[in-house]
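Next comes final-v6.pdb, a file with PDB, C-alpha atoms and all ligand atoms.
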```
ATOM      1  CA  MET A  63     -83.638  48.033 -15.159
ATOM      2  CA  LYS A  64     -80.819  47.452 -12.748
ATOM      3  CA  LYS A  65     -78.961  50.581 -11.704
ATOM      4  CA  VAL A  66     -75.319  50.809 -10.857
ATOM      5  CA  LYS A  67     -74.364  52.717  -7.756
ATOM      6  CA  ILE A  68     -71.382  54.944  -8.409
ATOM      7  CA  ASN A  69     -69.347  56.351  -5.562
ATOM      8  CA  TRP A  70     -67.562  59.466  -6.749
ATOM      9  CA  PRO A  71     -64.663  61.268  -5.132
ATOM     10  CA  ASN A  72     -65.743  63.724  -2.393
ATOM     11  CA  ASN A  73     -68.229  61.205  -1.025
ATOM     12  CA  LYS A  74     -70.874  61.867  -3.629
ATOM     13  CA  SER A  75     -72.753  58.999  -5.137
ATOM     14  CA  SER A  76     -75.249  58.514  -7.884
ATOM     15  CA  HIS A  77     -77.105  55.773  -9.688
ATOM     16  CA  CYS A  78     -77.056  55.173 -13.389
ATOM     17  CA  SER A  79     -77.881  52.510 -15.908
ATOM     18  CA  PRO A  80     -75.103  50.239 -17.125
ATOM     19  CA  GLY A  81     -73.897  51.201 -20.585
ATOM     20  CA  VAL A  82     -74.105  54.947 -20.018
ATOM     21  CA  GLU A  83     -70.945  56.740 -21.048
ATOM     22  CA  TRP A  84     -68.764  57.752 -18.134
ATOM     23  CA  LEU A  85     -68.729  61.415 -19.111
ATOM     24  CA  LYS A  86     -72.504  61.455 -19.142
ATOM     25  CA  ALA A  87     -72.759  59.594 -15.861
ATOM     26  CA  ALA A  88     -70.387  62.138 -14.317
ATOM     27  CA  TYR A  89     -72.290  65.049 -15.799
ATOM     28  CA  ASN A  90     -75.538  63.722 -14.397
ATOM     29  CA  ALA A  91     -73.918  63.557 -10.980
ATOM     30  CA  ASN A  92     -72.500  67.081 -11.265
ATOM     31  CA  ILE A  93     -68.981  65.744 -11.441
ATOM     32  CA  ASP A  94     -66.542  67.312 -13.792
ATOM     33  CA  ILE A  95     -64.125  64.953 -15.505
ATOM     34  CA  PRO A  96     -61.414  66.854 -17.342
ATOM     35  CA  THR A  97     -61.286  66.068 -21.035
ATOM     36  CA  GLY A  98     -59.052  66.746 -23.974
ATOM     37  CA  CYS A  99     -59.304  64.899 -27.246
ATOM     38  CA  LEU A 100     -62.567  63.021 -26.563
ATOM     39  CA  GLY A 101     -61.207  60.298 -28.770
ATOM     40  CA  GLY A 102     -59.338  58.031 -26.379
ATOM     41  CA  SER A 103     -55.816  59.115 -27.142
ATOM     42  CA  CYS A 104     -54.725  61.898 -24.776
ATOM     43  CA  GLY A 105     -55.527  60.412 -21.378
ATOM     44  CA  ALA A 106     -56.812  63.667 -19.867
ATOM     45  CA  CYS A 107     -60.071  62.036 -18.886
ATOM     46  CA  GLU A 108     -58.583  59.056 -17.087
ATOM     47  CA  ILE A 109     -60.393  57.933 -13.977
ATOM     48  CA  GLU A 110     -59.949  54.902 -11.782
ATOM     49  CA  VAL A 111     -62.899  52.584 -11.561
ATOM     50  CA  ASN A 112     -62.505  50.037  -8.786
ATOM     51  CA  GLY A 113     -58.765  50.570  -9.081
ATOM     52  CA  GLU A 114     -58.573  50.177 -12.841
ATOM     53  CA  VAL A 115     -57.670  53.084 -15.058
ATOM     54  CA  VAL A 116     -60.373  53.895 -17.572
ATOM     55  CA  ARG A 117     -60.491  56.585 -20.229
ATOM     56  CA  ALA A 118     -63.840  58.126 -19.498
ATOM     57  CA  CYS A 119     -64.438  59.536 -22.977
ATOM     58  CA  ILE A 120     -64.453  56.135 -24.646
ATOM     59  CA  ALA A 121     -65.800  53.895 -21.910
ATOM     60  CA  SER A 122     -69.152  53.317 -20.372
ATOM     61  CA  VAL A 123     -70.385  52.216 -17.009
ATOM     62  CA  PRO A 124     -70.070  48.437 -16.667
ATOM     63  CA  GLU A 125     -72.785  46.272 -15.251
ATOM     64  CA  GLU A 126     -71.916  46.044 -11.570
ATOM     65  CA  ASN A 127     -73.782  46.651  -8.365
ATOM     66  CA  GLU A 128     -71.425  49.302  -7.140
ATOM     67  CA  LEU A 129     -68.361  51.092  -8.475
ATOM     68  CA  ASN A 130     -65.820  53.266  -6.728
ATOM     69  CA  VAL A 131     -64.399  56.049  -8.845
ATOM     70  CA  GLU A 132     -61.239  57.986  -8.130
ATOM     71  CA  PHE A 133     -59.761  60.685 -10.246
ATOM     72  CA  PHE A 134     -56.536  59.556 -11.718
ATOM     73  CA  SER A 135     -54.198  62.428 -11.113
ATOM     74  CA  ASP A 136     -51.367  62.686 -13.522
ATOM     75  CA  PRO A 137     -48.967  65.472 -12.555
ATOM     76  CA  TYR A 138     -48.205  66.134 -16.190
ATOM     77  CA  TRP A 139     -51.708  67.233 -17.025
TER      78      TRP A 139
HETATM   79  S1  LIG B 201     -60.370  63.056 -23.580
HETATM   80 FE1  LIG B 201     -58.525  62.326 -24.495
HETATM   81  S2  LIG B 201     -58.463  60.218 -23.905
HETATM   82 FE2  LIG B 201     -60.392  60.937 -23.160
END
```

In structure tokens, how does this file's structure come out?
Ligand code: FES
Amino acid sequence: MKKVKINWPNNKSSHCSPGVEWLKAAYNANIDIPTGCLGGSCGACEIEVNGEVVRACIASVPEENELNVEFFSDPYW
């Protein structure tokens, strides 16, 4: 099965299957995404995937060759 290459902040990268939840993909890569509600409403887990803001707790890795992830830093959290 095709794997997606994920480039994490701090120059780490990993490979995972499309459809895997973002939190799990991060966990597998030893990346810690902050979480709160785990239900898609608080925004604590927001990351940027290829420049688009995604709530990691309710989204999964899309089918792409390569994705660049940045942590979305919200000063209020
Ligand atoms: S943990 Fe609250 S929106 Fe993801």

(request) Taking the file above as input, evaluate the PyMOL selection byres (((chain A and resi 117-134) around 9) and not hetatm) and report the hits as JSON, numbers by chain. (result) {"A": [64, 65, 66, 67, 68, 69, 70, 71, 77, 78, 79, 80, 81, 82, 83, 84, 85, 86, 87, 95, 97, 99, 100, 101, 102, 103, 105, 106, 107, 108, 109, 110, 111, 112, 113, 115, 116, 135, 136]}

Enclosing box along x, y and z for every listed atom of ligand LIG 201 (chain B), padded 4 Å each side, centre and size in Å, one decimal, as lines of an AutoDock Vina configuration file:
```
center_x = -59.4
center_y = 61.6
center_z = -23.8
size_x = 9.9
size_y = 10.8
size_z = 9.3
```

(message) Given all atoms listed in the file as the basis, pick out the residue of A:Cys104, A:Ser76, A:Tyr89, A:Glu114 nearest to ligand LIG 201 (chain B).
(response) A:Cys104
